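Enquirer: Sharing a structure with you now.
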Amino acid sequence: MAGVLSNLYYSTKDAKDLVAAYRREGEKGLQLAIQRKSKQFENVQIRIAVMGESGSGKSTLINALLELDENEEGAAPTGSTETTIKITPYPHPTLPNVQYYDFPGFNTTNFPVKKFMEKTNFSLYDLGIIVTAARFTENDKLLAEALKKAGKPFYLVRSKIDDTIRSEKRKKGYNQEVTFRKVKKYCISKLESAGVLNTPVFLCSAFNLEQFDFPELREAVVSNLSETQKNLFITALPNTSEEAIERKRQALRRFIQMLSAISGSIGAVPIPGLSLACDLALITTGVLHIRKNLGLDEASLSKLAQRVETSVEDLKKGTEHNWVFGEITREQVVLLMQRSTVAMALTIAEPFLDFVPILGSIFGATSSFGVTLMMLNSSLDAMVETAKIVLQNAKAAASSEGIGN
């Protein structure tokens with residue numbers, strides 16, 4: 001199922017524009033046209049408002065969702081003092097149209113509650129996250145009521161749950177599950193007293209991301225987005241588990257179907273050499289997009305290696321598809337195509353049939369669609385397999401260094 005994403009991408013007019021670009025400027029013009037078209041689709045924004053009192057852990061939660069350390073470029077500033085004095089967007093490092101908005105801690109000298117409520121347009125955001133570090137306050141209640149009035153889905157995040165556990169452990173008869181149920185029950189009862197029903201509550205520690213409810217929080221965020229936003233968001237999530245990588249595979253398959261459809265549209269135009277050039281350009285663009293979203297580009301690997309205190313080469317150990325890490329060029333795509341007997345047969349036959357009226361158009365459309373679909377799906381499978389091995393290596397490195405314990 002192509003889903004909503006296909007409708008956002010290339011139309012018949014777009015296909016004609018790409019053909020015209022190739023006629024004018026050759027393959028370079030085609031690549032530039034594809035890039036211009038791609039930028040148009042980045043206008044689909046996902047705006048997530050993260051709100052709460054000063055010191056509740058909003059900025060730390062945002063950095064966790066962005067998978068950034070507090071000292072990394074693009075991270076939200078954190079600290080014991082008030083660090084956010086205006087609503088500040090933080091784009092996802094690999095998918096800028098996913099943006100988390102860090103709100104100032106309200107009921108402070110710089111941002112009192114009344115001013116906060118008057119100036120905040122809650123309708124601008126797709127989702128709200130209220131962060132509370134301990135007690136559910138009157139200010140949290142006002143936020144919940146405002147989001148409900150705006151008709152926006154939102155969650156309550158009880159942050160710093162690890163601090164609560166350390167405190168509760170000192171008590172006789174401590175039981176972690178009982179403590180969790182008690183904290184959640186308290187938060188739910190406070191929301192219900194404000195007239196807000198069925199709001200999910202997540203217990204999180206931004207410093208232990210795979211513990212407690214943080215993975216469930218990410219899942220919940222995705223569930224409340226539109227189909228288009230959902231696919232964009234899924235590809236932006238970090239590779240924290242094999243399940244997360246598989247979800248990316250499904251989202252990227254829809255992207256591949258879109259590229260294959262446009263390839264078929266261009267292939268139907270019987271211009272000698274056009275379809276092959278378009279196929280190569282689209283496949284190259286697609287492979288680069290897939291690699292980046294699976295975190296296998298050099299920048300993503302370097303960042304992951306730094307986080308788990310290992311080397312990029314150690315992350316690559318045991319991977320079989322070494323081409324994934326190299327430069328992705330037209331020449332590399334041709335080499336990959338040569339490994340597929342079917343793809344090469346279709347590619348070789350197509351230029352000769354371009355000169356045959358009607359038949360050339362039909363064959364060109366079918367073969368271009370098939371070659372692009374086949375090559376990108378094959379590349380996706382290889383990269384998913386590689387991403388899983390990289391994840392295993394990263395977890396092993398983190399475990400040996402005691403990171404996150």
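Please note that chains go A, B, ... in the order of the structure tokens, that every chain numbers its residues from 1, and that ligands are numbered from 1 in the order shown.
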Please list as a list in words every residue within 6 Å of A:Gly105, counting only C-alpha atoms and excluding residues in the same chain fewer than 4 positions away.

Expert: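 After dropping sequence-adjacent residues, the list is Gly52, Glu53 and Ser54 of chain A.
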
Enquirer: Take the selection from the previous step and output its residues with C-alpha atoms, as a compact mmCIF listing (two decimals), in the first residue's frame.

Expert:
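Contents of out.txt, freshly written:
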# COMPACT_ATOMS: atom_id res chain seq x y z
CA GLY A 52 6.14 21.91 32.25
CA GLU A 53 7.47 23.79 35.22
CA SER A 54 11.06 24.97 35.41

Enquirer: Excluding A:Arg218 and its own-chain neighbours fewer than 6 positions away, which residues fall within 10 Å of it when counting only C-alpha atoms? Please give them as a PDB file with C-alpha atoms, in the first residue's frame.

Expert:
ATOM      1  CA  LEU A  65      14.076  12.133  21.989  1.00  0.00           C
ATOM      2  CA  PHE A 233       8.662  10.237  12.348  1.00  0.00           C
ATOM      3  CA  ILE A 234       9.454   6.524  12.219  1.00  0.00           C
ATOM      4  CA  LEU A 237      13.719   7.524  15.396  1.00  0.00           C
TER       5      LEU A 237
END

Enquirer: Using 12 Å as the limit and counting only C-alpha atoms, can you tabulate each residue of stretch 199-253 of chain A that touches stretch 133-141 of chain A, with its shortest atom-to-atom distance in Å and the two atoms involved, as CSV?

Expert:
residue,atom,partner,partner_atom,distance
A:Val201,CA,A:Phe136,CA,11.8
A:Phe202,CA,A:Ala133,CA,11.7
A:Leu203,CA,A:Ala133,CA,9.9
A:Cys204,CA,A:Ala133,CA,9.8
A:Ser205,CA,A:Ala133,CA,10.2
A:Ala206,CA,A:Ala133,CA,11.7

Enquirer: Can I get the selection written as a short mmCIF file (atom, residue, chain, number, x, y, z; two decimals), in the first residue's frame, with all heavy atoms?

Expert:
data_model
loop_
_atom_site.label_atom_id
_atom_site.label_comp_id
_atom_site.auth_asym_id
_atom_site.auth_seq_id
_atom_site.Cartn_x
_atom_site.Cartn_y
_atom_site.Cartn_z
N VAL A 201 0.06 8.07 30.77
CA VAL A 201 1.10 8.55 31.68
C VAL A 201 2.33 7.67 31.50
O VAL A 201 2.22 6.44 31.50
CB VAL A 201 0.63 8.52 33.15
CG1 VAL A 201 1.78 8.91 34.08
CG2 VAL A 201 -0.56 9.44 33.36
N PHE A 202 3.49 8.29 31.34
CA PHE A 202 4.73 7.55 31.11
C PHE A 202 5.74 7.91 32.19
O PHE A 202 5.97 9.09 32.46
CB PHE A 202 5.29 7.87 29.73
CG PHE A 202 4.37 7.51 28.61
CD1 PHE A 202 3.49 8.44 28.07
CD2 PHE A 202 4.36 6.21 28.10
CE1 PHE A 202 2.63 8.11 27.05
CE2 PHE A 202 3.49 5.86 27.07
CZ PHE A 202 2.63 6.81 26.54
N LEU A 203 6.33 6.89 32.78
CA LEU A 203 7.38 7.09 33.78
C LEU A 203 8.72 6.97 33.07
O LEU A 203 9.03 5.92 32.49
CB LEU A 203 7.26 6.04 34.89
CG LEU A 203 5.86 5.83 35.49
CD1 LEU A 203 5.90 4.80 36.60
CD2 LEU A 203 5.30 7.15 35.99
N CYS A 204 9.50 8.03 33.10
CA CYS A 204 10.73 8.06 32.29
C CYS A 204 11.93 8.55 33.08
O CYS A 204 11.81 9.35 34.02
CB CYS A 204 10.55 8.97 31.08
SG CYS A 204 9.28 8.42 29.92
N SER A 205 13.07 8.06 32.65
CA SER A 205 14.36 8.61 33.06
C SER A 205 15.14 8.85 31.78
O SER A 205 15.46 7.91 31.05
CB SER A 205 15.11 7.64 33.96
OG SER A 205 16.47 8.05 34.09
N ALA A 206 15.43 10.10 31.49
CA ALA A 206 16.13 10.42 30.25
C ALA A 206 17.55 9.87 30.23
O ALA A 206 18.19 9.82 29.18
CB ALA A 206 16.16 11.93 30.05
#

Enquirer: Would you please give, as an MDAnalysis selection string, all residues of stretch 169-328 of chain A that DSSP assigns to helix (DSSP H, G or I) based on the backbone?

Expert: chainID A and resid 176:193 214:223 227:236 242:267 274:293 298:308 312:315 322:325

Enquirer: Find the spatial neighbours of A:Phe325, counting only C-alpha atoms, within a cut-off of 7 Å - ignore same-chain residues fewer than 3 positions away - and output them as a PyMOL selection string.

Expert: chain A and resi 296-297+322

Enquirer: Could you jot down the atom CA of A:Ala299 to atom CA of A:Glu67 separation for me, Å, one decimal place?

Expert: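 Taking atom CA of A:Ala299 and atom CA of A:Glu67, their separation equals 13.8 Å.
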
Enquirer: If you measure from atom CA of A:Asn377 to atom CA of A:Glu25, what distance in Å do you get, rounded to one decimal?

Expert: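 Atom-to-atom, atom CA of A:Asn377 and atom CA of A:Glu25 are spaced 28.9 Å apart.
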
Enquirer: Residues within 9 Å of A:Val183, please, as a PyMOL selection string. Count only C-alpha atoms; anything in the same chain fewer than 5 positions from it doesn't count.

Expert: chain A and resi 158+178+188+203
